[in-house]
Amino acid sequence: MHGGNIRKVWSEAELDEALAGLHAEPETRQDELSRARATLLRAAGDVEDELLPVTAPPVKKRPGSWRWIAAAAAAALVSGGGIVATDVFTADGGPDPAAHSTATQGEDALEALHGDDFPVRDDQFRLVTESTWTTHVTDAGLVYQTHEILERWLPPHSWMPIKTRLTGTGEIRWVKGDYQLAKQHGVSLPRPSSHVTLAQAGPPRTTTTAQVPPPVKTSEDRLPSESGWTDPTPEFLSELPADPTKLSERLRRDGLWPDGRSPDQVNSTPEMFEMAFKVLRSSQGFGALRVALCKALARMPGIDVASVVTPGGRPAVSFTVALPDRTRTFVVDRATAAVVGNRAVRSNAQEEGWPGLTLFDTSISVAITEDGGPKPS
């Protein structure tokens with residue numbers, strides 16, 4: 001695509017095929033390819049407009065055309081942005097909230113769930129990679145997605161620092177609009193970037209360390225925003241019971257009592273959903289705990305559980321909760337109980353603001369490596 005405008009008119013069959021491809025095809029973009037592309041773009045400096053994909057200008061909206069929005073987003077995701085449709089609006093819904101896979105409901109969704117501790121030696125790290133596409137809607141009506149890759153090198157011991165690298169690839173997937181329209185409206189698009197940080201940890205405790213630790217609050221003494229549920233450490237995880245019944249009680253009540261509310265009051269289902277997700281996302285081993293936490297969350301009212309298949313063809317389990325403005329879903333690999341996907345989709349009940357639009361979509365992987373990652377910049 002070097003210059004010129006490209007427009008493709010689709011038949012109904014092609015629209016259905018594009019939407020089906022969004023749910024069924026495996027990812028064709030590799031994170032390594034994205035980082036390599038970002039490196040090349042940084043080395044080249046500013047990118048000339050004629051080298052960027054340009055789409056046809058948007059046409060006048062038609063009644064009952066919301067279905068085109070989902071089709072355009074599907075085409076952009078399946079093709080990696082190579083095909084862009086601009087005639088995109090539909091009244092009969094948007095992407096499936098569990099678009100990571102094709103879902104089949106069943107009470108036995110958790111029966112085959114197993115946990116992997118991802119054991120590491122003293123010279124190894126757990127490398128957790130999160131590849132996220134985030135959707136942006138501008139005041140001018142442009143809709144596009146940006147791509148970021150977050151990598152975390154988790155050391156074998158909790159007293160060792162955790163290294164992270166956040167890479168903005170500079171890639172853009174257009175749902176509505178193009179680079180030319182963005183320039184006309186003064187929309188600032190992200191350029192490739194990369195930042196490495198090191199979270200320093202305290203020294204390992206030994207019998208000769210003459211330190212008096214400060215008073216430690218228990219989980220019952222903290223609000224959810226202050227508790228280990230939001231920033232779980234190995235120490236916090238080791239204290240959690242690997243029992244679904246006990247974990248259910250912790251999810252309901254942790255962090256509420258000290259703020260003056262009734263002891264009978266419990267956390268909301270969306271709060272419990274996020275608490276469980278952040279522990280699962282931590283990827284700090286504890287396979288049996290992750291299995292128990294999944295089973296505990298599945299017991300909560302308002303949590304939908306389904307057997308699914310990931311884009312890579314692996315059996316998995318999805319957990320979904322509906323909020324007034326969005327639907328949240330995360331997906332857990334059935335063989336490891338590790339989170340492999342996380343997304344939010346705007347509620348279809350909203351009459352305005354692109355109902356059914358994917359707000360963000362994250363793919364997550366865990367690997368064992370002896371490479372400690374890049375040096376902090």
# chains A, B, ... in the order shown; residues from 1 in each chain; ligands from 1

$ residues_around --residues "stretch 300-303 of chain A" --least-positions-apart "6" --cutoff "10 Å" --atoms "only C-alpha atoms" --output "list in words"
Ser248, Leu251, Arg252, Ser268, Thr269, Pro270, Met272, Phe273, Ser318, Phe319, Thr320, Val321, Ala322, Leu323 and Thr329 of chain A

$ closest_residue --among "A:Gly177, A:Gly170, A:Gly285, A:Gly115" --to "A:Leu189" --atoms "only C-alpha atoms"
A:Gly170

$ atom_distance --atom1 "atom CA of A:Trp159" --atom2 "atom CA of A:Ser282"
15.8 Å

$ atom_distance --atom1 "atom CA of A:Thr169" --atom2 "atom CA of A:Gly356"
25.5 Å

$ residues_around --residues "stretch 163-165 of chain A" --least-positions-apart "3" --cutoff "9 Å" --atoms "only C-alpha atoms" --output "PyMOL selection string"
chain A and resi 149-155+194-200+372-376

$ atom_distance --atom1 "atom CA of A:Lys295" --atom2 "atom CA of A:Glu274"
14.8 Å

$ closest_residue --among "A:Leu166, A:Leu247, A:Val308, A:Ala367" --to "A:Arg290" --atoms "only C-alpha atoms"
A:Leu247

$ residues_around --residues "A:Asp108" --least-positions-apart "4" --cutoff "9 Å" --atoms "only C-alpha atoms" --output "PyMOL selection string"
chain A and resi 112+306-307

$ residues_around --residues "A:Leu357" --least-positions-apart "3" --cutoff "6 Å" --atoms "only C-alpha atoms" --output "PyMOL selection string"
chain A and resi 345-346+354

$ closest_residue --among "A:Val309, A:Leu359, A:Thr245, A:Ala298" --to "A:Thr327" --atoms "only C-alpha atoms"
A:Leu359
